[in-house]
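Reviewing the structure listed below.
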Amino acid sequence: MPLPFLTADHVYEAADDVALPFDDRDRWRRPYRPGPWRVGVAAMLLLLASFVLFAAVIIAFTGTLTESGVIFGIALAAIVAALRMLRMGVWVSAHGLRRVGFLGTRTVTWDRLVAVRTVQQPVRWLGLPRTVQGQALTVVRQGRAPEDEQPLLTTHNADFLARPEAFERAADTIEAWAAEALR
């Protein structure tokens with residue numbers, strides 16, 4: 001079963017001159033691969049879910065169906081959480097910029113954006129309260145101060161921790177989408 005949200009739509013080559021190499025610009029796509037931290041945690045959740053599903057089968061044979069249903073529901077919640085974690089990130093299309101979080105998704109159309117830029121600032125390490133100095137890809141929306149906006153990507157989030165080249169490629173690609181749309 002192919003999982004299209006796990007792969008980037010474009011393999012980056014050193015000779016790539018085209019920032020927007022996609023034929024279908026209306027389709028939402030994430031211009032980078034999920035990072036090893038995000039994939040690792042999702043894999044551990046799926047592994048845990050497999051054990052819990054096995055326990056649900058054993059309970060179904062030896063216990064009541066209600067107990068088995070509760071355990072099956074826990075496994076299903078772990079699977080949904082792992083898949084949602086893999087979908088998290090920044091997605092772009094000709095329609096706008098979409099930030100997919102664990103519990104919600106926010107979409108901003110390109111005409112409501114003023115700029116998308118990379119800045120040096122304190123960023124949260126793996127989403128925890130601890131901050132370190134790093135780079136962040138931020139947006140400036142019409143009618144809002146830049147300080148009010150949360151960064152889209154950072155060098156220390158689950159996708160780019162210890163992968164500065166991947167952050168640069170992703171930030172450059174999203175900035176290219178914004179530059180193309182904001183012309």
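By order of appearance in the structure tokens: chains A, B, ..., then residues from 1 within every chain, and ligands from 1 in the order shown.
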_I need the residues in chain A that are strand (DSSP E) according to DSSP; give them as a PyMOL selection string._
chain A and resi 89-92+96-100+105-109+113-124+131-141+153-154
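Every protein or nucleic acid residue with an atom no more than 10 Å from range 157-163 of chain A, counting only C-alpha atoms and leaving out same-chain residues fewer than 5 positions away, appears here: Tyr32, Arg33, Pro34, Gly35, Pro36, Trp37, Arg38, Val39, Gly40, Val41, Met88, Gly89, Val123, Arg124, Trp125, Leu126, Gly127, Leu128, Ala136, Leu152, Glu168 and Ala170 of chain A.
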_Residue set, range 2-176 of chain A restricted to helix (DSSP H, G or I), as a count of residues only_ = 72
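Using only C-alpha atoms, the contacts of range 103-111 of chain A at a cut-off of 7 Å, with sequence neighbours closer than 6 positions omitted, comprise His95, Gly96, Leu97, Ala181 and Leu182 of chain A.
Remark: for Leu86 in chain A, the closest of the candidate residues A:Arg117, A:Arg25, A:Arg30, A:Pro129 is A:Arg30 (distances computed over only C-alpha atoms).
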